[in-house]
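See below for structure.csv, which holds CSV, C-alpha atoms.
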chain,number,residue,atom,x,y,z
A,1419,MET,CA,0.0,0.0,0.0
A,1420,GLY,CA,2.8,2.4,0.8
A,1421,ARG,CA,4.5,1.7,-2.5
A,1422,LEU,CA,1.2,2.4,-4.4
A,1423,LYS,CA,0.9,5.7,-2.6
A,1424,VAL,CA,4.5,6.6,-3.5
A,1425,ALA,CA,3.9,5.6,-7.2
A,1426,GLY,CA,0.7,7.6,-7.2
A,1427,VAL,CA,2.6,10.6,-5.8
A,1428,LEU,CA,5.2,10.2,-8.5
A,1429,VAL,CA,2.7,10.1,-11.3
A,1430,VAL,CA,1.0,13.2,-9.9
A,1431,ALA,CA,4.3,14.9,-9.6
A,1432,VAL,CA,5.3,14.0,-13.2
A,1433,VAL,CA,1.9,15.3,-14.5
A,1434,ALA,CA,2.3,18.4,-12.3
A,1435,VAL,CA,5.8,19.0,-13.6
A,1436,ALA,CA,4.8,18.5,-17.2
A,1437,GLY,CA,1.8,20.8,-16.7
A,1438,GLY,CA,4.0,23.4,-15.0
A,1439,SER,CA,6.7,23.0,-17.7
A,1440,VAL,CA,4.1,23.6,-20.4
A,1441,ALA,CA,2.8,26.7,-18.6
A,1442,LEU,CA,6.3,28.0,-18.2
A,1443,GLY,CA,7.2,27.1,-21.8
A,1444,VAL,CA,10.0,24.7,-20.8
A,1445,LEU,CA,8.8,21.8,-22.9
A,1446,GLY,CA,8.9,22.4,-26.7
A,1447,THR,CA,6.3,21.4,-29.2
A,1448,PRO,CA,7.3,18.7,-31.7
A,1449,GLY,CA,7.8,19.9,-35.2
A,1450,VAL,CA,8.2,18.5,-38.7
A,1451,ALA,CA,11.8,18.1,-39.9
A,1452,SER,CA,11.1,16.8,-43.4
A,1453,VAL,CA,8.5,15.3,-45.6
A,1454,ASP,CA,9.3,12.8,-48.4
A,1455,ASN,CA,6.6,11.7,-50.8
A,1456,HIS,CA,6.7,9.4,-53.7
A,1457,PHE,CA,4.3,7.5,-56.0
A,1458,ALA,CA,3.7,3.9,-55.2
A,1459,ASP,CA,0.9,1.7,-56.4
A,1460,ILE,CA,-1.1,2.8,-59.5
A,1461,SER,CA,-4.6,1.7,-60.6
A,1462,ASN,CA,-7.1,2.9,-63.1
A,1463,ARG,CA,-8.9,4.9,-60.4
A,1464,THR,CA,-6.3,5.8,-57.7
A,1465,THR,CA,-2.6,6.6,-57.2
A,1466,THR,CA,-1.0,5.8,-53.9
A,1467,VAL,CA,1.2,8.5,-52.4
A,1468,ALA,CA,3.7,7.1,-49.9
A,1469,THR,CA,4.9,9.5,-47.2
A,1470,ASP,CA,8.0,9.5,-44.9
A,1471,LEU,CA,7.4,12.2,-42.4
A,1472,THR,CA,10.2,13.0,-40.0
A,1473,VAL,CA,9.1,14.6,-36.7
A,1474,THR,CA,11.4,16.2,-34.2
A,1475,ASN,CA,10.7,16.0,-30.5
A,1476,PRO,CA,12.9,18.7,-28.7
A,1477,ASN,CA,12.0,17.4,-25.3
A,1478,PRO,CA,14.3,15.3,-23.1
A,1479,VAL,CA,11.5,12.7,-22.8
A,1480,GLY,CA,9.2,11.0,-25.2
A,1481,VAL,CA,5.8,12.5,-25.7
A,1482,GLN,CA,3.3,9.7,-25.1
A,1483,LEU,CA,0.7,11.1,-22.7
A,1484,GLY,CA,-2.3,12.2,-24.9
A,1485,GLY,CA,-0.3,11.6,-28.1
A,1486,VAL,CA,0.5,13.7,-31.1
A,1487,GLY,CA,-1.7,14.4,-34.1
A,1488,LEU,CA,-0.4,14.8,-37.7
A,1489,ASN,CA,-2.1,16.4,-40.7
A,1490,TYR,CA,-0.7,16.8,-44.1
A,1491,THR,CA,-1.8,17.8,-47.6
A,1492,VAL,CA,-0.2,17.5,-51.1
A,1493,SER,CA,-1.5,20.1,-53.6
A,1494,MET,CA,-0.7,21.0,-57.1
A,1495,ASN,CA,-1.4,24.6,-58.0
A,1496,GLY,CA,-3.7,24.8,-55.1
A,1497,VAL,CA,-5.7,21.7,-56.2
A,1498,GLU,CA,-5.7,19.2,-53.3
A,1499,MET,CA,-4.3,15.9,-54.6
A,1500,ALA,CA,-3.9,13.9,-51.4
A,1501,GLN,CA,-4.7,14.5,-47.8
A,1502,GLY,CA,-4.1,12.4,-44.7
A,1503,ASP,CA,-3.9,12.6,-40.9
A,1504,ARG,CA,-2.8,10.5,-38.0
A,1505,GLN,CA,-3.7,10.8,-34.4
A,1506,GLY,CA,-2.3,9.4,-31.2
A,1507,VAL,CA,1.2,9.2,-32.4
A,1508,GLY,CA,3.8,8.6,-29.7
A,1509,LEU,CA,7.3,10.2,-30.2
A,1510,ASP,CA,10.6,9.4,-28.7
A,1511,THR,CA,13.1,12.1,-28.0
A,1512,GLY,CA,14.9,13.4,-31.1
A,1513,ASN,CA,13.8,12.6,-34.7
A,1514,SER,CA,11.2,9.9,-35.5
A,1515,THR,CA,10.3,8.9,-39.1
A,1516,LEU,CA,6.7,7.9,-39.6
A,1517,GLN,CA,5.7,6.0,-42.7
A,1518,PHE,CA,2.1,6.0,-44.1
A,1519,SER,CA,0.3,6.3,-47.4
A,1520,THR,CA,-2.7,8.0,-48.9
A,1521,GLU,CA,-4.7,7.2,-52.0
A,1522,MET,CA,-5.1,10.0,-54.5
A,1523,ARG,CA,-8.1,9.8,-56.8
A,1524,ASN,CA,-7.1,10.0,-60.5
A,1525,ASP,CA,-10.1,12.2,-61.2
A,1526,ARG,CA,-8.1,15.0,-59.6
A,1527,ILE,CA,-5.8,15.1,-62.6
A,1528,PRO,CA,-8.2,17.0,-65.0
A,1529,PRO,CA,-8.8,19.9,-62.5
A,1530,TRP,CA,-5.0,20.1,-61.9
A,1531,TRP,CA,-4.3,20.0,-65.7
A,1532,VAL,CA,-6.5,23.1,-66.3
A,1533,THR,CA,-4.4,25.1,-63.7
A,1534,HIS,CA,-1.2,23.8,-65.3
A,1535,ILE,CA,-2.1,25.1,-68.8
A,1536,ASP,CA,-3.6,28.3,-67.5
A,1537,ASN,CA,-0.4,28.9,-65.5
A,1538,GLY,CA,1.8,28.7,-68.6
A,1539,GLU,CA,2.5,25.0,-68.2
A,1540,THR,CA,3.9,25.6,-64.7
A,1541,THR,CA,2.9,23.8,-61.5
A,1542,THR,CA,3.8,24.4,-57.9
A,1543,VAL,CA,3.7,21.2,-55.9
A,1544,GLY,CA,2.9,22.1,-52.3
A,1545,ILE,CA,3.4,20.0,-49.2
A,1546,ASP,CA,1.9,21.2,-45.9
A,1547,ALA,CA,2.1,19.3,-42.6
A,1548,THR,CA,1.0,20.2,-39.1
A,1549,VAL,CA,1.9,18.6,-35.8
A,1550,THR,CA,-0.4,19.1,-32.9
A,1551,SER,CA,0.4,17.9,-29.3
A,1552,SER,CA,-2.6,17.6,-27.0
A,1553,THR,CA,-0.2,16.8,-24.2
A,1554,LEU,CA,1.5,20.2,-24.6
A,1555,GLY,CA,-1.6,22.3,-24.4
A,1556,GLY,CA,-2.8,21.7,-28.0
A,1557,ARG,CA,0.0,23.7,-29.4
A,1558,SER,CA,0.9,23.0,-33.1
A,1559,VAL,CA,3.8,23.6,-35.5
A,1560,SER,CA,3.4,23.8,-39.3
A,1561,PHE,CA,5.8,22.9,-42.1
A,1562,SER,CA,5.6,23.8,-45.8
A,1563,GLN,CA,7.6,22.7,-48.8
A,1564,GLU,CA,7.2,23.7,-52.4
A,1565,ARG,CA,8.6,22.4,-55.7
A,1566,THR,CA,8.0,23.9,-59.2
A,1567,ILE,CA,7.7,21.7,-62.4
A,1568,GLU,CA,7.4,23.0,-65.9
A,1569,THR,CA,6.5,21.5,-69.3
A,1570,ASP,CA,6.8,22.7,-72.9
A,1571,LEU,CA,4.4,20.9,-75.1
A,1572,LEU,CA,3.9,23.1,-78.1
A,1573,SER,CA,6.9,25.3,-78.8
A,1574,GLN,CA,8.5,22.9,-81.2
A,1575,PHE,CA,5.4,22.9,-83.3
A,1576,ASN,CA,6.3,26.4,-84.4
A,1577,SER,CA,8.4,26.0,-87.5
A,1578,THR,CA,9.2,27.9,-90.7
A,1579,GLU,CA,10.6,24.8,-92.5
A,1580,THR,CA,9.0,24.2,-95.9
A,1581,ARG,CA,7.8,20.6,-96.2
A,1582,PRO,CA,6.1,18.9,-99.2
A,1583,VAL,CA,2.8,17.1,-98.9
A,1584,GLU,CA,2.2,14.0,-101.0
A,1585,ALA,CA,-1.3,12.6,-101.8
A,1586,GLY,CA,-0.1,9.2,-102.9
A,1587,GLN,CA,-3.1,8.9,-105.2
A,1588,PRO,CA,-3.5,7.6,-108.8
A,1589,LEU,CA,-3.6,10.3,-111.5
A,1590,VAL,CA,-2.3,13.0,-109.1
A,1591,SER,CA,1.2,14.2,-109.2
A,1592,ASP,CA,3.0,14.9,-105.9
A,1593,PRO,CA,3.5,17.1,-104.1
A,1594,VAL,CA,0.0,18.5,-104.0
A,1595,LEU,CA,1.0,21.3,-101.7
A,1596,TYR,CA,3.8,22.7,-99.6
A,1597,ILE,CA,3.5,23.6,-95.9
A,1598,ASN,CA,5.7,26.7,-95.4
A,1599,GLU,CA,5.0,27.4,-91.7
A,1600,THR,CA,3.2,25.9,-88.7
A,1601,ARG,CA,2.1,27.7,-85.5
A,1602,GLY,CA,0.5,26.5,-82.3
A,1603,ALA,CA,-0.6,27.9,-79.0
A,1604,TRP,CA,-3.0,27.1,-76.1
A,1605,ASP,CA,-6.3,29.0,-76.3
A,1606,ARG,CA,-6.4,30.0,-72.6
A,1607,ASP,CA,-9.2,32.4,-73.1
A,1608,ASN,CA,-11.5,29.4,-73.9
A,1609,LEU,CA,-10.0,27.0,-71.4
A,1610,THR,CA,-12.7,25.1,-69.4
A,1611,ARG,CA,-12.9,22.3,-66.9
A,1612,SER,CA,-13.9,19.9,-69.7
A,1613,GLU,CA,-11.8,21.1,-72.6
A,1614,THR,CA,-8.3,22.4,-73.4
A,1615,PRO,CA,-8.4,24.1,-76.8
A,1616,LEU,CA,-5.3,24.5,-79.0
A,1617,ASN,CA,-5.1,27.0,-81.9
A,1618,LEU,CA,-3.0,25.5,-84.7
A,1619,ALA,CA,-2.4,27.1,-88.1
A,1620,PHE,CA,-0.6,26.0,-91.3
A,1621,ASP,CA,0.6,28.3,-94.2
A,1622,VAL,CA,0.2,26.1,-97.3
A,1623,TYR,CA,1.3,26.8,-100.9
A,1624,ASN,CA,-0.6,25.4,-103.9
A,1625,PRO,CA,2.0,24.5,-106.6
A,1626,LYS,CA,-0.7,23.6,-109.1
A,1627,PRO,CA,-1.8,25.9,-112.0
A,1628,TYR,CA,-5.4,25.7,-110.9
A,1629,PRO,CA,-7.2,26.1,-107.6
A,1630,TYR,CA,-8.7,23.2,-105.6
A,1631,THR,CA,-10.6,22.9,-102.3
A,1632,ILE,CA,-9.7,21.6,-98.8
A,1633,THR,CA,-13.0,20.6,-97.3
A,1634,THR,CA,-11.7,19.3,-94.0
A,1635,VAL,CA,-8.8,19.5,-91.6
A,1636,GLY,CA,-8.8,16.6,-89.2
A,1637,TYR,CA,-6.7,15.7,-86.2
A,1638,THR,CA,-6.1,13.1,-83.5
A,1639,ILE,CA,-4.2,13.9,-80.3
A,1640,ARG,CA,-2.7,11.1,-78.3
A,1641,MET,CA,-0.7,11.0,-75.1
A,1642,ASN,CA,1.1,7.7,-74.9
A,1643,ASP,CA,-1.5,5.2,-76.1
A,1644,VAL,CA,-4.5,7.3,-74.9
A,1645,THR,CA,-6.5,9.3,-77.4
A,1646,VAL,CA,-7.3,12.5,-75.6
A,1647,GLY,CA,-8.8,14.5,-78.5
A,1648,GLU,CA,-9.9,14.1,-82.1
A,1649,GLY,CA,-12.1,15.9,-84.5
A,1650,GLU,CA,-12.5,17.8,-87.8
A,1651,THR,CA,-12.9,21.4,-88.7
A,1652,ASP,CA,-16.2,22.5,-90.2
A,1653,ARG,CA,-14.6,25.1,-92.5
A,1654,GLY,CA,-13.4,24.6,-96.1
A,1655,TYR,CA,-10.6,26.4,-97.9
A,1656,VAL,CA,-10.0,27.2,-101.6
A,1657,LEU,CA,-6.3,27.0,-102.4
A,1658,ASP,CA,-5.7,29.4,-105.3
A,1659,ALA,CA,-3.1,28.5,-107.9
A,1660,GLY,CA,0.4,29.6,-107.0
A,1661,GLU,CA,-0.8,31.2,-103.8
A,1662,GLU,CA,-0.3,30.7,-100.1
A,1663,THR,CA,-3.3,30.1,-97.8
A,1664,THR,CA,-3.5,29.8,-94.0
A,1665,LEU,CA,-5.4,26.8,-92.8
A,1666,GLU,CA,-6.7,26.9,-89.2
A,1667,ALA,CA,-7.2,23.8,-87.1
A,1668,ASN,CA,-8.8,24.7,-83.8
A,1669,THR,CA,-8.2,21.4,-81.9
A,1670,ALA,CA,-8.9,20.4,-78.3
A,1671,ILE,CA,-7.9,18.0,-75.6
A,1672,GLN,CA,-10.9,16.5,-73.8
A,1673,ASN,CA,-10.0,16.7,-70.2
A,1674,GLU,CA,-12.1,13.8,-69.1
A,1675,ASN,CA,-9.5,11.5,-70.8
A,1676,LEU,CA,-6.6,12.8,-68.8
A,1677,ASP,CA,-7.1,10.5,-65.8
A,1678,ARG,CA,-6.4,7.5,-68.1
A,1679,TRP,CA,-3.4,9.3,-69.6
A,1680,TRP,CA,-2.1,9.9,-66.0
A,1681,VAL,CA,-1.9,6.1,-65.4
A,1682,THR,CA,0.3,5.6,-68.5
A,1683,HIS,CA,2.4,8.6,-67.5
A,1684,LEU,CA,3.3,7.0,-64.2
A,1685,GLN,CA,3.7,3.6,-65.7
A,1686,ARG,CA,6.4,5.0,-67.8
A,1687,ASN,CA,8.1,6.7,-64.8
A,1688,GLN,CA,6.5,10.1,-65.5
A,1689,ARG,CA,7.2,10.2,-69.2
A,1690,THR,CA,4.8,10.9,-72.0
A,1691,ASP,CA,5.0,11.1,-75.8
A,1692,LEU,CA,2.5,13.6,-77.2
A,1693,TYR,CA,1.3,12.9,-80.7
A,1694,ILE,CA,-0.8,15.2,-83.0
A,1695,ASP,CA,-1.7,13.6,-86.3
A,1696,PHE,CA,-3.2,15.7,-89.1
A,1697,TYR,CA,-5.0,15.0,-92.4
A,1698,LEU,CA,-6.8,16.9,-95.1
A,1699,VAL,CA,-9.7,16.0,-97.3
A,1700,VAL,CA,-9.1,17.4,-100.8
A,1701,LYS,CA,-11.8,17.9,-103.4
A,1702,GLY,CA,-11.4,18.5,-107.1
A,1703,GLY,CA,-12.9,17.3,-110.4
A,1704,GLY,CA,-15.9,15.9,-108.6
A,1705,GLU,CA,-13.8,13.6,-106.5
A,1706,GLN,CA,-12.4,13.9,-103.0
A,1707,PHE,CA,-9.7,12.0,-101.1
A,1708,ARG,CA,-7.9,12.1,-97.8
A,1709,VAL,CA,-4.3,13.3,-97.6
A,1710,ASP,CA,-2.3,12.5,-94.4
A,1711,LEU,CA,0.0,15.2,-93.4
A,1712,ASP,CA,2.9,12.9,-92.4
A,1713,SER,CA,5.4,15.7,-92.9
A,1714,ILE,CA,4.0,17.8,-90.0
A,1715,ASP,CA,2.7,15.1,-87.7
A,1716,TYR,CA,3.9,16.3,-84.3
A,1717,GLN,CA,5.6,14.4,-81.5
A,1718,GLN,CA,6.9,15.9,-78.3
A,1719,GLU,CA,8.2,14.1,-75.2
A,1720,ILE,CA,6.9,15.2,-71.8
A,1721,GLU,CA,8.9,14.3,-68.7
A,1722,THR,CA,8.1,15.3,-65.1
A,1723,ASP,CA,9.6,14.6,-61.6
A,1724,ILE,CA,6.8,15.8,-59.4
A,1725,PHE,CA,8.4,15.0,-56.0
A,1726,GLY,CA,12.0,15.3,-57.3
A,1727,ASN,CA,12.9,11.7,-56.4
A,1728,LYS,CA,11.7,9.5,-59.3
A,1729,ALA,CA,15.2,8.1,-59.8
A,1730,GLN,CA,15.0,6.8,-56.2
A,1731,TYR,CA,11.4,5.6,-56.4
A,1732,PRO,CA,10.7,4.8,-60.1
A,1733,THR,CA,7.2,3.8,-61.2
A,1734,GLY,CA,8.3,2.2,-64.4
A,1735,ASP,CA,11.3,1.8,-66.7
A,1736,GLY,CA,10.3,4.8,-68.9
A,1737,THR,CA,8.4,2.7,-71.4
A,1738,ALA,CA,5.0,1.0,-71.5
A,1739,ASP,CA,4.1,-2.1,-73.4
A,1740,GLY,CA,2.2,-1.1,-76.5
A,1741,ALA,CA,2.3,2.6,-75.6
A,1742,ASP,CA,4.0,3.6,-78.7
A,1743,GLU,CA,2.5,0.9,-81.0
A,1744,GLY,CA,-0.4,2.4,-82.9
A,1745,ALA,CA,0.4,5.9,-81.7
A,1746,GLY,CA,2.1,6.8,-84.9
A,1747,SER,CA,1.8,3.7,-87.1
A,1748,SER,CA,-1.7,4.2,-88.7
A,1749,THR,CA,-0.5,6.9,-91.1
A,1750,ALA,CA,2.4,4.8,-92.4
A,1751,GLU,CA,0.0,1.9,-93.0
A,1752,GLU,CA,-2.5,4.1,-94.8
A,1753,SER,CA,0.1,5.7,-97.1
A,1754,THR,CA,1.7,2.4,-98.1
A,1755,ALA,CA,-1.7,0.8,-98.7
A,1756,THR,CA,-2.6,3.3,-101.4
A,1757,PRO,CA,-2.1,1.9,-105.0
A,1758,THR,CA,-0.1,4.0,-107.5
A,1759,ALA,CA,-1.2,4.0,-111.1
A,1760,THR,CA,1.0,4.5,-114.0
A,1761,PRO,CA,-1.2,5.9,-116.8
A,1762,THR,CA,-0.2,5.8,-120.5
A,1763,GLU,CA,-0.6,8.7,-123.0
A,1764,THR,CA,-3.8,7.3,-124.4
A,1765,ARG,CA,-5.5,6.8,-121.0
A,1766,THR,CA,-8.5,8.9,-120.3
A,1767,ASP,CA,-9.9,10.1,-117.1
A,1768,ASP,CA,-13.1,8.1,-117.3
A,1769,GLY,CA,-15.1,11.1,-116.5
A,1770,LEU,CA,-12.8,12.6,-113.8
A,1771,LEU,CA,-11.5,15.3,-116.0
A,1772,ASP,CA,-13.7,18.4,-116.5
A,1773,GLY,CA,-15.7,18.2,-119.7
A,1774,GLY,CA,-14.3,14.7,-120.5
A,1775,ASP,CA,-10.9,15.9,-121.7
A,1776,THR,CA,-8.1,13.4,-122.2
A,1777,ALA,CA,-5.0,13.4,-120.0
A,1778,THR,CA,-2.6,15.0,-122.3
A,1779,ASP,CA,0.0,16.3,-119.7
A,1780,ASP,CA,1.7,13.2,-118.5
A,1781,SER,CA,4.3,15.3,-116.7
A,1782,LEU,CA,1.7,16.0,-114.0
A,1783,LEU,CA,0.6,12.4,-113.5
A,1784,ASP,CA,2.2,10.2,-110.9
A,1785,GLY,CA,5.9,9.8,-111.4
A,1786,GLY,CA,6.1,12.7,-113.7
A,1787,ALA,CA,6.2,15.8,-111.6
A,1788,THR,CA,8.1,18.7,-113.1
A,1789,ALA,CA,11.3,20.1,-111.6
A,1790,THR,CA,9.5,23.3,-110.6
A,1791,GLU,CA,7.0,21.3,-108.6
A,1792,THR,CA,9.6,19.5,-106.6
A,1793,ASP,CA,11.5,22.6,-105.6
A,1794,ALA,CA,10.7,22.7,-101.9
A,1795,ALA,CA,11.8,26.3,-101.4
A,1796,THR,CA,9.1,28.3,-103.3
A,1797,PRO,CA,7.9,26.2,-106.3
A,1798,THR,CA,6.3,28.2,-109.1
A,1799,PRO,CA,4.2,26.2,-111.6
A,1800,THR,CA,4.5,27.1,-115.3
A,1801,GLU,CA,1.7,27.9,-117.7
A,1802,THR,CA,2.0,24.5,-119.3
A,1803,ASP,CA,0.9,22.8,-116.0
A,1804,THR,CA,-2.7,22.7,-117.1
A,1805,ASP,CA,-3.9,19.4,-115.8
A,1806,ASP,CA,-3.5,16.9,-113.0
A,1807,GLY,CA,-5.4,13.9,-114.2
A,1808,GLY,CA,-8.6,15.7,-113.5
A,1809,LEU,CA,-8.8,14.8,-109.8
A,1810,LEU,CA,-7.7,18.3,-108.8
A,1811,GLY,CA,-8.6,20.2,-112.0
For this file, write the structure as structure tokens.
Amino acid sequence: MGRLKVAGVLVVAVVAVAGGSVALGVLGTPGVASVDNHFADISNRTTTVATDLTVTNPNPVGVQLGGVGLNYTVSMNGVEMAQGDRQGVGLDTGNSTLQFSTEMRNDRIPPWWVTHIDNGETTTVGIDATVTSSTLGGRSVSFSQERTIETDLLSQFNSTETRPVEAGQPLVSDPVLYINETRGAWDRDNLTRSETPLNLAFDVYNPKPYPYTITTVGYTIRMNDVTVGEGETDRGYVLDAGEETTLEANTAIQNENLDRWWVTHLQRNQRTDLYIDFYLVVKGGGEQFRVDLDSIDYQQEIETDIFGNKAQYPTGDGTADGADEGAGSSTAEESTATPTATPTETRTDDGLLDGGDTATDDSLLDGGATATETDAATPTPTETDTDDGGLLG
């Protein structure tokens, strides 16, 4: 009984001393020394963020009575990506590293993406942690850490290189046009939660001695193996003979597809290949056909390191099975599958030529393009270039 009384007195004394020390400010509040996050498991719906949080206890004794509460948030441009808390944590004196994980919903990626584009392809990754000790009068200490990541998706699309475009069609001499300049920029004024618009333009030159019509400009946007946008313009263009015309292709990424892209981005250790494939629908002589713009199909690599430690915690080897297959192979298959006819001097157009004329200018048929047409600098067709098999006439 005497020993129990002594023990009780000691406990009371310890509590009294602790309380008095808190009142006098002798005992310090535990704080956060560092936070280390990295991506772990990935599924179609969630991404696991693993956290190593090092807490410093400045007191000469462990803080066990009442425990310590931890709260932390990972945000990207102010968009909360992951949030977690832990209560009743006991700390030894000095530094203690606590390990835990939080699931981030992949549907947080589209809202973040909008801020990334709106902010000039710049993201600030913020980590905020707070330690609260109920033992030490509910006092708390906060810790913040920031990291900036940047991407550059479109700048290399801007080019003044002259590139020929070939139709690969029977009775049509190539090239059918030249692309002298390409330009691209994000349309931030029309950026919405559901759509990321891109304004793309091409300056094209018609080397033929007659005008013809572009009825459609089509596009497909892929990020790794995920199609994030596709469509066609609803405006046609008349390409005057020997003149340059600007074609506009107002394209868009559908943001709802970006959570699927995010999975492939992490599977490839935060690496993405952006593809933009273009095609035209050409109309002339009562016929129309598709022309793939292989010469300006765009590819750009995107690489991020969101927490700055992907070399230490890789989420893949930088490639994904099948990610590149099909992303840029369709145009090659389409172009090689197109038959090439070799007409003779007596061959007629079977109604394709205006007014039923015969094909008398074999220099403009496949395999017979003139030297002025193949000059990629600034080709200037001659007055004798009067026919192109009727498909474009």
Within 9 Å of (8.1, 7.1, -40.5) in the file's own coordinates, which protein, DNA or RNA residues have an atom, counting all atoms listed in the file? List them as a CSV table (one decimal) with C-alpha atoms, in the coordinates of the input.
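The resulting part.csv:
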chain,number,residue,atom,x,y,z
A,1469,THR,CA,4.9,9.5,-47.2
A,1470,ASP,CA,8.0,9.5,-44.9
A,1471,LEU,CA,7.4,12.2,-42.4
A,1472,THR,CA,10.2,13.0,-40.0
A,1473,VAL,CA,9.1,14.6,-36.7
A,1514,SER,CA,11.2,9.9,-35.5
A,1515,THR,CA,10.3,8.9,-39.1
A,1516,LEU,CA,6.7,7.9,-39.6
A,1517,GLN,CA,5.7,6.0,-42.7
A,1518,PHE,CA,2.1,6.0,-44.1
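Counting from atom CA of A:Ser1452, the distance to atom CA of A:Thr1733 is 22.4 Å.
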Nearby residues (all atoms listed in the file) at most 7 Å from stretch 1487-1490 of chain A, same-chain spacing under 4 positions excluded, as a VMD selection string:
chain A and resid 1501 to 1507 1546 to 1551
For the residues selected in the previous step, produce a file with C-alpha atoms as a PDB file, in the coordinates of the input.
ATOM      1  CA  GLN A1501      -4.700  14.500 -47.800  1.00  0.00           C
ATOM      2  CA  GLY A1502      -4.100  12.400 -44.700  1.00  0.00           C
ATOM      3  CA  ASP A1503      -3.900  12.600 -40.900  1.00  0.00           C
ATOM      4  CA  ARG A1504      -2.800  10.500 -38.000  1.00  0.00           C
ATOM      5  CA  GLN A1505      -3.700  10.800 -34.400  1.00  0.00           C
ATOM      6  CA  GLY A1506      -2.300   9.400 -31.200  1.00  0.00           C
ATOM      7  CA  VAL A1507       1.200   9.200 -32.400  1.00  0.00           C
ATOM      8  CA  ASP A1546       1.900  21.200 -45.900  1.00  0.00           C
ATOM      9  CA  ALA A1547       2.100  19.300 -42.600  1.00  0.00           C
ATOM     10  CA  THR A1548       1.000  20.200 -39.100  1.00  0.00           C
ATOM     11  CA  VAL A1549       1.900  18.600 -35.800  1.00  0.00           C
ATOM     12  CA  THR A1550      -0.400  19.100 -32.900  1.00  0.00           C
ATOM     13  CA  SER A1551       0.400  17.900 -29.300  1.00  0.00           C
TER      14      SER A1551
END
Identify which of the residues A:Tyr1697, A:Asn1675, A:Asp1525, A:Asp1510 lies closest to A:Ser1461, counting all atoms listed in the file when measuring atom-to-atom distances.
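For A:Ser1461, the nearest of the given residues is A:Asp1525.
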Pairwise distance for atom CA of A:Val1590 and atom CA of A:Thr1651, rounded to one decimal in Å:
24.5 Å
For the atom pair atom CA of A:Ala1458 and atom CA of A:Leu1509, what is the interatomic distance in Å to one decimal place?
26.0 Å
